[in-house]
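Text of the file upload29.cif, holding mmCIF, C-alpha atoms:
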```
data_run
#
loop_
_atom_site.group_PDB
_atom_site.id
_atom_site.type_symbol
_atom_site.label_atom_id
_atom_site.label_comp_id
_atom_site.auth_asym_id
_atom_site.auth_seq_id
_atom_site.Cartn_x
_atom_site.Cartn_y
_atom_site.Cartn_z
ATOM 1 C CA MET A 27 -4.680 -73.953 -33.144
ATOM 2 C CA THR A 28 -2.142 -71.718 -34.805
ATOM 3 C CA VAL A 29 -0.946 -68.580 -33.118
ATOM 4 C CA SER A 30 0.611 -65.905 -35.228
ATOM 5 C CA SER A 31 2.322 -62.773 -34.091
ATOM 6 C CA LYS A 32 3.051 -59.799 -36.254
ATOM 7 C CA THR A 33 5.688 -57.236 -35.563
ATOM 8 C CA PRO A 34 4.636 -53.646 -36.120
ATOM 9 C CA ARG A 35 5.521 -52.342 -39.544
ATOM 10 C CA THR A 36 8.351 -49.845 -39.279
ATOM 11 C CA PRO A 37 7.887 -46.714 -41.406
ATOM 12 C CA THR A 38 10.626 -46.219 -43.950
ATOM 13 C CA HIS A 39 10.750 -42.398 -43.967
ATOM 14 C CA ALA A 40 14.066 -41.166 -42.577
ATOM 15 C CA ALA A 41 12.373 -39.015 -39.916
ATOM 16 C CA HIS A 42 10.568 -42.056 -38.520
ATOM 17 C CA ARG A 43 13.729 -44.156 -38.415
ATOM 18 C CA ALA A 44 15.851 -41.464 -36.811
ATOM 19 C CA GLY A 45 13.143 -39.974 -34.592
ATOM 20 C CA THR A 46 13.916 -36.522 -35.944
ATOM 21 C CA LEU A 47 12.509 -33.961 -38.314
ATOM 22 C CA SER A 48 14.405 -32.230 -41.078
ATOM 23 C CA PRO A 49 15.542 -28.648 -40.465
ATOM 24 C CA THR A 50 12.868 -27.468 -42.922
ATOM 25 C CA GLU A 51 10.120 -29.385 -41.096
ATOM 26 C CA ARG A 52 11.274 -27.914 -37.783
ATOM 27 C CA GLU A 53 11.279 -24.405 -39.273
ATOM 28 C CA VAL A 54 7.690 -24.855 -40.524
ATOM 29 C CA LEU A 55 6.518 -25.968 -37.060
ATOM 30 C CA TRP A 56 8.227 -23.079 -35.262
ATOM 31 C CA ASP A 57 6.808 -20.637 -37.819
ATOM 32 C CA MET A 58 3.289 -22.011 -37.201
ATOM 33 C CA GLU A 59 3.823 -21.728 -33.453
ATOM 34 C CA GLU A 60 4.960 -18.115 -33.699
ATOM 35 C CA ARG A 61 2.005 -17.228 -35.948
ATOM 36 C CA PHE A 62 -0.302 -18.788 -33.335
ATOM 37 C CA TRP A 63 0.914 -16.107 -30.926
ATOM 38 C CA THR A 64 1.086 -13.149 -33.303
ATOM 39 C CA SER A 65 -1.643 -13.527 -35.945
ATOM 40 C CA GLY A 66 -4.769 -13.181 -33.810
ATOM 41 C CA ALA A 67 -7.510 -15.527 -32.631
ATOM 42 C CA ASP A 68 -9.065 -16.216 -36.047
ATOM 43 C CA SER A 69 -5.762 -17.356 -37.499
ATOM 44 C CA ALA A 70 -4.973 -19.450 -34.419
ATOM 45 C CA ARG A 71 -8.396 -21.089 -34.550
ATOM 46 C CA ALA A 72 -7.953 -21.992 -38.231
ATOM 47 C CA THR A 73 -4.836 -24.042 -37.433
ATOM 48 C CA THR A 74 -6.074 -25.665 -34.217
ATOM 49 C CA ALA A 75 -7.879 -29.011 -33.941
ATOM 50 C CA ASN A 76 -11.584 -28.785 -33.041
ATOM 51 C CA ASN A 77 -11.093 -30.881 -29.902
ATOM 52 C CA ALA A 78 -7.876 -29.158 -28.794
ATOM 53 C CA VAL A 79 -7.147 -28.723 -25.106
ATOM 54 C CA MET A 80 -5.284 -25.688 -23.774
ATOM 55 C CA ILE A 81 -4.025 -25.169 -20.261
ATOM 56 C CA PHE A 82 -3.726 -21.684 -18.796
ATOM 57 C CA PRO A 83 -2.839 -20.411 -15.323
ATOM 58 C CA TYR A 84 -5.860 -20.443 -13.005
ATOM 59 C CA PRO A 85 -8.270 -18.968 -13.803
ATOM 60 C CA PRO A 86 -9.328 -20.047 -16.453
ATOM 61 C CA GLY A 87 -7.349 -23.308 -16.177
ATOM 62 C CA ILE A 88 -8.077 -26.168 -18.596
ATOM 63 C CA LEU A 89 -10.177 -25.249 -21.638
ATOM 64 C CA GLN A 90 -11.385 -27.298 -24.606
ATOM 65 C CA GLY A 91 -13.123 -26.551 -27.905
ATOM 66 C CA ASP A 92 -15.067 -23.282 -28.106
ATOM 67 C CA GLN A 93 -14.107 -22.363 -24.512
ATOM 68 C CA ILE A 94 -10.597 -21.707 -25.811
ATOM 69 C CA TRP A 95 -11.704 -19.099 -28.335
ATOM 70 C CA THR A 96 -13.949 -17.280 -25.894
ATOM 71 C CA HIS A 97 -10.931 -16.912 -23.596
ATOM 72 C CA LEU A 98 -8.403 -16.094 -26.331
ATOM 73 C CA GLN A 99 -10.491 -13.596 -28.305
ATOM 74 C CA GLN A 100 -8.915 -10.689 -26.423
ATOM 75 C CA ARG A 101 -5.632 -12.402 -25.575
ATOM 76 C CA THR A 102 -3.944 -13.098 -28.922
ATOM 77 C CA GLY A 103 -2.144 -10.905 -31.403
ATOM 78 C CA TRP A 104 1.072 -10.372 -29.450
ATOM 79 C CA ARG A 105 3.297 -7.884 -31.248
ATOM 80 C CA SER A 106 6.518 -9.723 -30.419
ATOM 81 C CA VAL A 107 7.311 -13.204 -29.233
ATOM 82 C CA VAL A 108 10.654 -14.682 -28.220
ATOM 83 C CA MET A 109 10.792 -18.464 -27.889
ATOM 84 C CA ALA A 110 13.895 -19.687 -26.063
ATOM 85 C CA GLU A 111 15.094 -23.150 -25.046
ATOM 86 C CA ARG A 112 13.280 -24.626 -28.050
ATOM 87 C CA ARG A 113 12.978 -28.382 -28.212
ATOM 88 C CA VAL A 114 11.163 -30.651 -30.664
ATOM 89 C CA THR A 115 10.285 -34.244 -29.838
ATOM 90 C CA TRP A 116 9.045 -36.352 -32.741
ATOM 91 C CA SER A 117 7.448 -39.796 -32.587
ATOM 92 C CA ARG A 118 4.938 -41.637 -34.776
ATOM 93 C CA GLY A 119 3.704 -38.574 -36.630
ATOM 94 C CA ILE A 120 3.383 -36.349 -33.558
ATOM 95 C CA ALA A 121 5.689 -33.406 -32.922
ATOM 96 C CA ILE A 122 5.820 -31.836 -29.467
ATOM 97 C CA LEU A 123 7.312 -28.341 -29.254
ATOM 98 C CA THR A 124 8.461 -27.137 -25.843
ATOM 99 C CA TYR A 125 9.859 -23.715 -25.122
ATOM 100 C CA ARG A 126 10.110 -20.730 -22.803
ATOM 101 C CA VAL A 127 8.197 -17.728 -24.168
ATOM 102 C CA SER A 128 8.420 -14.022 -23.565
ATOM 103 C CA ALA A 129 5.600 -12.184 -25.354
ATOM 104 C CA GLU A 130 4.756 -8.509 -25.557
ATOM 105 C CA ARG A 131 1.841 -6.348 -26.598
ATOM 106 C CA PRO A 132 1.043 -2.692 -25.882
ATOM 107 C CA ASP A 133 -1.640 -3.084 -23.236
ATOM 108 C CA VAL A 134 -0.014 -5.594 -20.843
ATOM 109 C CA PRO A 135 3.337 -6.230 -19.179
ATOM 110 C CA ILE A 136 5.675 -8.739 -20.800
ATOM 111 C CA PHE A 137 4.145 -12.201 -20.464
ATOM 112 C CA LYS A 138 6.457 -15.122 -19.636
ATOM 113 C CA ALA A 139 5.549 -18.800 -19.587
ATOM 114 C CA LEU A 140 6.699 -22.359 -20.230
ATOM 115 C CA CYS A 141 4.795 -23.796 -23.192
ATOM 116 C CA ALA A 142 4.194 -27.049 -25.013
ATOM 117 C CA SER A 143 2.277 -27.660 -28.228
ATOM 118 C CA ALA A 144 1.501 -30.900 -30.053
ATOM 119 C CA TYR A 145 1.247 -31.110 -33.840
ATOM 120 C CA LEU A 146 -0.161 -34.062 -35.775
#
```
As structure tokens, the full file:
Amino acid sequence: MTVSSKTPRTPTHAAHRAGTLSPTEREVLWDMEERFWTSGADSARATTANNAVMIFPYPPGILQGDQIWTHLQQRTGWRSVVMAERRVTWSRGIAILTYRVSAERPDVPIFKALCASAYL
């Protein structure tokens, strides 16, 4: 009996080797994240995976799929968003954005939260 072991193939792209994204790639991700907040529910839905999971303060709590859009229909389209303490973690084709947000729209007080988003 012969036993063979294979080592995982290491991607050759610089971002994979270094575990980082280029400044341009980071800028694209942060721009997408800001548009998620400011462009309304239809735009957010168009850039979100069908099986996405979102976590909100209770209630509503943890939502998935169409539940998200029922909840967000009246809760998107912030007129201004400030994302502070931005961090990007990149590994194996997945980028995780973490940040502290302060968002504003005319009909509600300033909303503040800690956020995380995953991009494939």
**Asked** Hey, what comes out of the PyMOL selection byres ((chain A and resi 99) around 12) on this file? Could you write it as a list in words?
**Response** Trp63, Ser65, Gly66, Ala67, Asp68, Ser69, Ala70, Arg71, Asp92, Gln93, Ile94, Trp95, Thr96, His97, Leu98, Gln100, Arg101, Thr102 and Gly103 of chain A
**Request:** Evaluate the PyMOL selection byres ((chain A and resi 108-122) around 6) and record the selected residues as a list of chain:residue names, following the chain and residue labels used in the document.
**Result:**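 That expression, the PyMOL selection byres ((chain A and resi 108-122) around 6), corresponds here to A:Gly45, A:Thr46, A:Val107, A:Leu123, A:Thr124, A:Tyr125, A:Arg126, A:Val127, A:Ser128, A:Ser143, A:Ala144, A:Tyr145, A:Leu146.
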**Message:** as a VMD selection string, please: the residues near A:Trp104 (cut-off 10 Å, only C-alpha atoms, same-chain neighbours under 3 positions excluded).
**Reply:** chain A and resid 60 to 66 101 107 129 to 134 136 to 137
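Atom CA of A:Ala72 is found 19.7 Å from atom CA of A:Glu51.
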**Request:** Could you please determine the separation between atom CA of A:Pro49 and atom CA of A:Val79 in Å, to one decimal place?
**Result:**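 Calculated distance between atom CA of A:Pro49 and atom CA of A:Val79 is 27.4 Å.
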Draw an axis-aligned box tight on the listed atoms of stretch 63-71 of chain A, then pad every side by 6 Å and write out centre and edge lengths in Å to one decimal as AutoDock Vina command-line options.
```
--center_x -4.0 --center_y -17.1 --center_z -34.2 --size_x 22.2 --size_y 19.9 --size_z 18.6
```
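Comparing the minimum interatomic distances between A:Ala139 and each of A:Val54, A:Ile81, A:Ala75, A:Ile88, counting only C-alpha atoms, we find that A:Ile81 sits nearest.
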**Request:** Between A:Leu47, A:Glu59, A:Ala78, A:Ser106, single out the one closest to A:Gln90, counting all atoms listed in the file.
**Result:**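 Among A:Leu47, A:Glu59, A:Ala78, A:Ser106, it is A:Ala78 that comes nearest to A:Gln90.
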**Asked** Quick one: distance from atom CA of A:Pro83 to atom CA of A:Pro135 in Å, one decimal?
**Response** 15.9 Å
**Prompt:** For A:Gly91, which residue among A:Cys141, A:Arg105, A:Asn76, A:Met58 is the nearest when counting only C-alpha atoms?
**Reply:**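 Distance minimum relative to A:Gly91 lands on A:Asn76.
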